[in-house]
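For reference, the structure discussed in these notes is given below.
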Amino acid sequence: MSERPQRHAVFGHPVSHSLSPAIHRRFGQQTGIALNYEAIDAPAESFAAQLDAFRAAGGGGANVTLPLKALAFERCAQVSDYAARTGVVNTLEPLPGGGWRGHNTDGPGLVADLAQRHAQDLRERDLLLLGAGGAAQGVAYALLDAGVRSLTIANRHAERADALADRIGQPGRVHVRYWNDLADAGSWDFIINATSAGVQGDAMDLPFAIVAPRALCYDLSYGRAATAFLAWARAARAAHAFDGLGMLVEQAAEAFAIWHGRRPDGDPVYTELRAQLDGA
C-alpha cells in the first residue's frame with residue numbers, strides 16, 4: 001500500500017504565478033517523499049479562515065507570501081528565534097495537537113543564494129534596502145548577521161522605514177533615508193529591491209547616483225516582476241544584477257527540511273527553472 005501524499009500549500013494574494021508548487025514537487029521527487037503542494041489565493045481578510053480550513057482538511061506544512069507574512073506571524077502559537085526577530089513568517093510548521101510554529105526562511109535563503117550560488121562576499125558592504133514591508137523584514141536581520149557594514153532603509157512611506165529601523169535597534173549601523181532624497185544621499189555597493197513595485201507593475205524611478213562602482217544589485221522578486229529593477233541596475237552599470245529565483249529555491253529547501261527532516265539540493269531545481277524563465 002503506497003504512502004498517502006502529504007498535503008502542503010502556499011498562501012498569498014495574488015499567488016497563481018508562484019513557482020513554489022513546482023519547486024516542492026521537484027524536491028519531493030528528489031528525496032522520494034510523496035507530497036501534494038498547491039497554491040491557495042487568500043486575501044488578507046479571509047486568510048485565517050482559509051488556513052484553518054486547510055489544516056482541518058488534513059493540510060500539513062504551509063508557506064506564506066505577499067501580503068500575508070505579518071498575519072501568519074499572528075496565527076502562530078510558537079515562532080523560531082529568527083522569526084521572532086523579524087515579526088514575519090513565511091513557513092508554517094504544524095504542531096502536534098493543533099496550532100502552528102512559525103519560521104522565516106527568507107533571510108537564510110537569500111544569504112545562501114548570494115554567498116554560495118553567486119559567490120558574493122557580503123561582509124563590509126554598505127547596503128541600501130528598498131522597501132520596509134514583510135519581504136524587507138524577513139531578510140534584514142540575516143544580512144546584518146552575514147556581516148554587512150551598514151544597512152540603510154528607504155521606503156515610500158517613511159514611517160514604515162522608521163519602524164523597521166527601530167525594531168532592529170542598531171542605530172550606529174542601521175539608518176533611514178527618505179525615498180525622494182535618494183538622489184543626493186550618496187551611493188551604496190549593495191542594493192536590494194524588497195518593494196512590491198515589480199509585482200504590481202509599477203515603475204521604480206530610481207536615480208543612477210545611488211549605485212557605487214562594483215555594486216551588487218538584487219531583486220527579491222524573480223522573472224517578469226524583477227525585469228524593471230534589473231534593467232535599471234544594468235543601465236546604472238552595477239557589477240552584478242540578480243533576481244530572487246535562487247532565494248526562492250533556497251528558502252523552499254529550508255522549509256522542506258523543517259517539514260520533512262531532509263534538506264534537498266536546490267542547484268538542479270534552480271538550473272531547470274532558470275532555463276525555463278530565461279527561455280520564456
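Residues are referred to by chain and number: the chain letter is A, B, ... according to the order shown in the C-alpha cells, the number counts from 1 in that chain, and ligands are numbered separately from 1 in the order shown.
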Next item on the list: Report as an MDAnalysis selection string: the residues of stretch 44-222 of chain A with a DSSP assignment of strand (DSSP E), based on the backbone of this structure.
Entry: chainID A and resid 62:64 78:79 91:94 100:103 126:130 150:155 174:178 188:193 211:219
Taking C-alpha atoms for each residue, export the selection above as a PDB file, in the first residue's frame.
```
ATOM      1  CA  ALA A  62       2.485  25.656   4.514  1.00  0.00           C
ATOM      2  CA  ASN A  63       4.270  28.641   3.046  1.00  0.00           C
ATOM      3  CA  VAL A  64       3.039  32.220   3.107  1.00  0.00           C
ATOM      4  CA  GLN A  78       5.222  29.379  18.660  1.00  0.00           C
ATOM      5  CA  VAL A  79       7.840  31.032  16.465  1.00  0.00           C
ATOM      6  CA  THR A  91       6.820  28.960   6.738  1.00  0.00           C
ATOM      7  CA  LEU A  92       4.241  27.292   8.975  1.00  0.00           C
ATOM      8  CA  GLU A  93       5.045  24.029  10.733  1.00  0.00           C
ATOM      9  CA  PRO A  94       2.043  22.147  12.163  1.00  0.00           C
ATOM     10  CA  TRP A 100       1.462  26.362  14.194  1.00  0.00           C
ATOM     11  CA  ARG A 101       5.125  27.056  14.762  1.00  0.00           C
ATOM     12  CA  GLY A 102       6.249  29.902  12.534  1.00  0.00           C
ATOM     13  CA  HIS A 103       9.585  30.207  10.767  1.00  0.00           C
ATOM     14  CA  ASP A 126      27.039  49.175   2.632  1.00  0.00           C
ATOM     15  CA  LEU A 127      23.500  48.008   1.908  1.00  0.00           C
ATOM     16  CA  LEU A 128      20.555  50.045   0.683  1.00  0.00           C
ATOM     17  CA  LEU A 129      17.310  48.163   1.322  1.00  0.00           C
ATOM     18  CA  LEU A 130      14.436  49.450  -0.792  1.00  0.00           C
ATOM     19  CA  SER A 150      25.701  49.296   7.315  1.00  0.00           C
ATOM     20  CA  LEU A 151      22.020  48.996   6.426  1.00  0.00           C
ATOM     21  CA  THR A 152      20.087  51.966   5.057  1.00  0.00           C
ATOM     22  CA  ILE A 153      16.325  51.562   4.683  1.00  0.00           C
ATOM     23  CA  ALA A 154      14.325  53.632   2.194  1.00  0.00           C
ATOM     24  CA  ASN A 155      10.570  53.288   1.804  1.00  0.00           C
ATOM     25  CA  VAL A 174      21.065  50.984  10.653  1.00  0.00           C
ATOM     26  CA  HIS A 175      19.892  54.203   9.035  1.00  0.00           C
ATOM     27  CA  VAL A 176      16.841  55.605   7.251  1.00  0.00           C
ATOM     28  CA  ARG A 177      16.748  57.813   4.153  1.00  0.00           C
ATOM     29  CA  TYR A 178      13.739  59.496   2.563  1.00  0.00           C
ATOM     30  CA  TRP A 188      25.831  52.035  -1.978  1.00  0.00           C
ATOM     31  CA  ASP A 189      27.731  48.972  -3.145  1.00  0.00           C
ATOM     32  CA  PHE A 190      24.831  46.614  -2.290  1.00  0.00           C
ATOM     33  CA  ILE A 191      21.222  47.420  -3.207  1.00  0.00           C
ATOM     34  CA  ILE A 192      18.238  45.132  -2.611  1.00  0.00           C
ATOM     35  CA  ASN A 193      14.789  45.768  -4.031  1.00  0.00           C
ATOM     36  CA  VAL A 211      24.856  52.823  -7.441  1.00  0.00           C
ATOM     37  CA  ALA A 212      28.504  52.726  -6.343  1.00  0.00           C
ATOM     38  CA  PRO A 213      31.232  51.223  -8.542  1.00  0.00           C
ATOM     39  CA  ARG A 214      31.258  47.398  -8.493  1.00  0.00           C
ATOM     40  CA  ALA A 215      27.809  47.390  -6.855  1.00  0.00           C
ATOM     41  CA  LEU A 216      25.755  44.255  -6.280  1.00  0.00           C
ATOM     42  CA  CYS A 217      22.037  44.687  -7.041  1.00  0.00           C
ATOM     43  CA  TYR A 218      19.438  42.070  -6.135  1.00  0.00           C
ATOM     44  CA  ASP A 219      15.664  41.921  -6.569  1.00  0.00           C
TER      45      ASP A 219
END
```
Item checked: Backbone DSSP call of helix (DSSP H, G or I) for stretch 30-189 of chain A, listed as a PyMOL selection string -> chain A and resi 30-31+44-56+69-74+81-86+106-117+134-145+158-168+179-184
Note to self: My list of candidates is A:His8, A:His260, A:His17, A:Arg156. Which is closest to A:Ser221 when distances are computed with only C-alpha atoms?
What the structure shows: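 Smallest distance to A:Ser221 is found for A:His17.
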Item checked: Selected residue of minimal separation from A:Gly223 among A:Asp267, A:Asp113, A:Asp166, A:Asp278, counting only C-alpha atoms -> A:Asp278
Check: Pick from A:Ala53, A:Ala9, A:Ala48, A:Phe229: nearest to A:Leu35, with only C-alpha atoms counted?
Finding: A:Ala9
Item checked: A:Ile210 surroundings by only C-alpha atoms, 8 Å radius, close-in-sequence under 4 positions cut, as a PyMOL selection string -> chain A and resi 182-183+185-188
Could those residues be written to a file, using all heavy atoms, as a PDB file, in the first residue's frame?
```pdb
ATOM      1  N   LEU A 182      16.903  60.273  -2.205  1.00  0.00           N
ATOM      2  CA  LEU A 182      17.958  59.305  -2.504  1.00  0.00           C
ATOM      3  C   LEU A 182      18.994  59.842  -3.485  1.00  0.00           C
ATOM      4  O   LEU A 182      20.177  59.518  -3.386  1.00  0.00           O
ATOM      5  CB  LEU A 182      17.345  58.008  -3.058  1.00  0.00           C
ATOM      6  CG  LEU A 182      16.706  57.067  -2.031  1.00  0.00           C
ATOM      7  CD1 LEU A 182      16.053  55.887  -2.736  1.00  0.00           C
ATOM      8  CD2 LEU A 182      17.736  56.581  -1.015  1.00  0.00           C
ATOM      9  N   ALA A 183      18.577  60.666  -4.432  1.00  0.00           N
ATOM     10  CA  ALA A 183      19.498  61.160  -5.458  1.00  0.00           C
ATOM     11  C   ALA A 183      20.668  61.915  -4.844  1.00  0.00           C
ATOM     12  O   ALA A 183      21.766  61.948  -5.422  1.00  0.00           O
ATOM     13  CB  ALA A 183      18.759  62.047  -6.454  1.00  0.00           C
ATOM     14  N   ALA A 185      21.704  61.368  -1.543  1.00  0.00           N
ATOM     15  CA  ALA A 185      22.020  60.716  -0.260  1.00  0.00           C
ATOM     16  C   ALA A 185      23.302  59.915  -0.289  1.00  0.00           C
ATOM     17  O   ALA A 185      23.706  59.360   0.737  1.00  0.00           O
ATOM     18  CB  ALA A 185      20.859  59.825   0.161  1.00  0.00           C
ATOM     19  N   GLY A 186      23.963  59.809  -1.441  1.00  0.00           N
ATOM     20  CA  GLY A 186      25.192  59.023  -1.521  1.00  0.00           C
ATOM     21  C   GLY A 186      25.007  57.802  -2.401  1.00  0.00           C
ATOM     22  O   GLY A 186      24.042  57.704  -3.169  1.00  0.00           O
ATOM     23  N   SER A 187      25.939  56.858  -2.293  1.00  0.00           N
ATOM     24  CA  SER A 187      25.881  55.651  -3.113  1.00  0.00           C
ATOM     25  C   SER A 187      26.162  54.436  -2.242  1.00  0.00           C
ATOM     26  O   SER A 187      26.772  54.543  -1.178  1.00  0.00           O
ATOM     27  CB  SER A 187      26.880  55.722  -4.266  1.00  0.00           C
ATOM     28  OG  SER A 187      28.206  55.831  -3.778  1.00  0.00           O
ATOM     29  N   TRP A 188      25.709  53.282  -2.719  1.00  0.00           N
ATOM     30  CA  TRP A 188      25.831  52.035  -1.978  1.00  0.00           C
ATOM     31  C   TRP A 188      26.395  50.953  -2.899  1.00  0.00           C
ATOM     32  O   TRP A 188      26.095  50.923  -4.097  1.00  0.00           O
ATOM     33  CB  TRP A 188      24.466  51.596  -1.443  1.00  0.00           C
ATOM     34  CG  TRP A 188      23.948  52.450  -0.331  1.00  0.00           C
ATOM     35  CD1 TRP A 188      24.071  52.217   1.007  1.00  0.00           C
ATOM     36  CD2 TRP A 188      23.219  53.689  -0.446  1.00  0.00           C
ATOM     37  NE1 TRP A 188      23.472  53.218   1.729  1.00  0.00           N
ATOM     38  CE2 TRP A 188      22.933  54.136   0.861  1.00  0.00           C
ATOM     39  CE3 TRP A 188      22.773  54.457  -1.529  1.00  0.00           C
ATOM     40  CZ2 TRP A 188      22.230  55.303   1.114  1.00  0.00           C
ATOM     41  CZ3 TRP A 188      22.076  55.631  -1.283  1.00  0.00           C
ATOM     42  CH2 TRP A 188      21.818  56.044   0.031  1.00  0.00           C
TER      43      TRP A 188
END
```
Checklist line | Exercise: A:Asn104 partners within 8 Å, only C-alpha atoms, chain neighbours under 3 positions left out, as a list in words | finding: Ser80, Tyr82, Ala83, Thr86, Val88, Val89, Asn90, Thr91, Gly107 and Gly138 of chain A
Next item on the list: Go ahead and compute the interatomic distance for atom CA of A:Ser196 and atom CA of A:Asp52, in Å to one decimal.
Entry: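 Going from atom CA of A:Ser196 over to atom CA of A:Asp52 covers 27.0 Å.
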Next item on the list: For A:Leu144, list every protein, DNA or RNA residue within 10 Å, evaluated using only C-alpha atoms, and leave out those in the same chain fewer than 3 positions away; present the list as a ChimeraX atom specification.
Entry: /A:122-123,127,139-141,147-151,168,170,173-174
Next item on the list: Could you check which of A:Trp232, A:Phe11, A:Phe73, A:Tyr222 is closest to A:Gln50, using only C-alpha atoms?
Entry: A:Phe11
Next item on the list: Find the residue from A:Leu277, A:Ala22, A:Ala39, A:Ala34 that sits nearest to A:Pro5; use only C-alpha atoms when measuring.
Entry: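 The closest residue to A:Pro5 is A:Ala34.
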Margin query: So that I can see what lies close to A:Ala115, please list as number ranges by chain the residues with an atom at most 12 Å from it, counting only C-alpha atoms and leaving out residues fewer than 3 positions away in the same chain.
Written below: A: 108-112, 118-123, 143, 146-147, 246-247, 250
Notebook entry, point to check: Nearest to A:Arg237 among A:Phe47, A:Arg26, A:Arg4, A:Ala209, with distances taken over only C-alpha atoms: which residue is it?
Noted result: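 Looking at the shortest contact to A:Arg237, the residue is A:Ala209.
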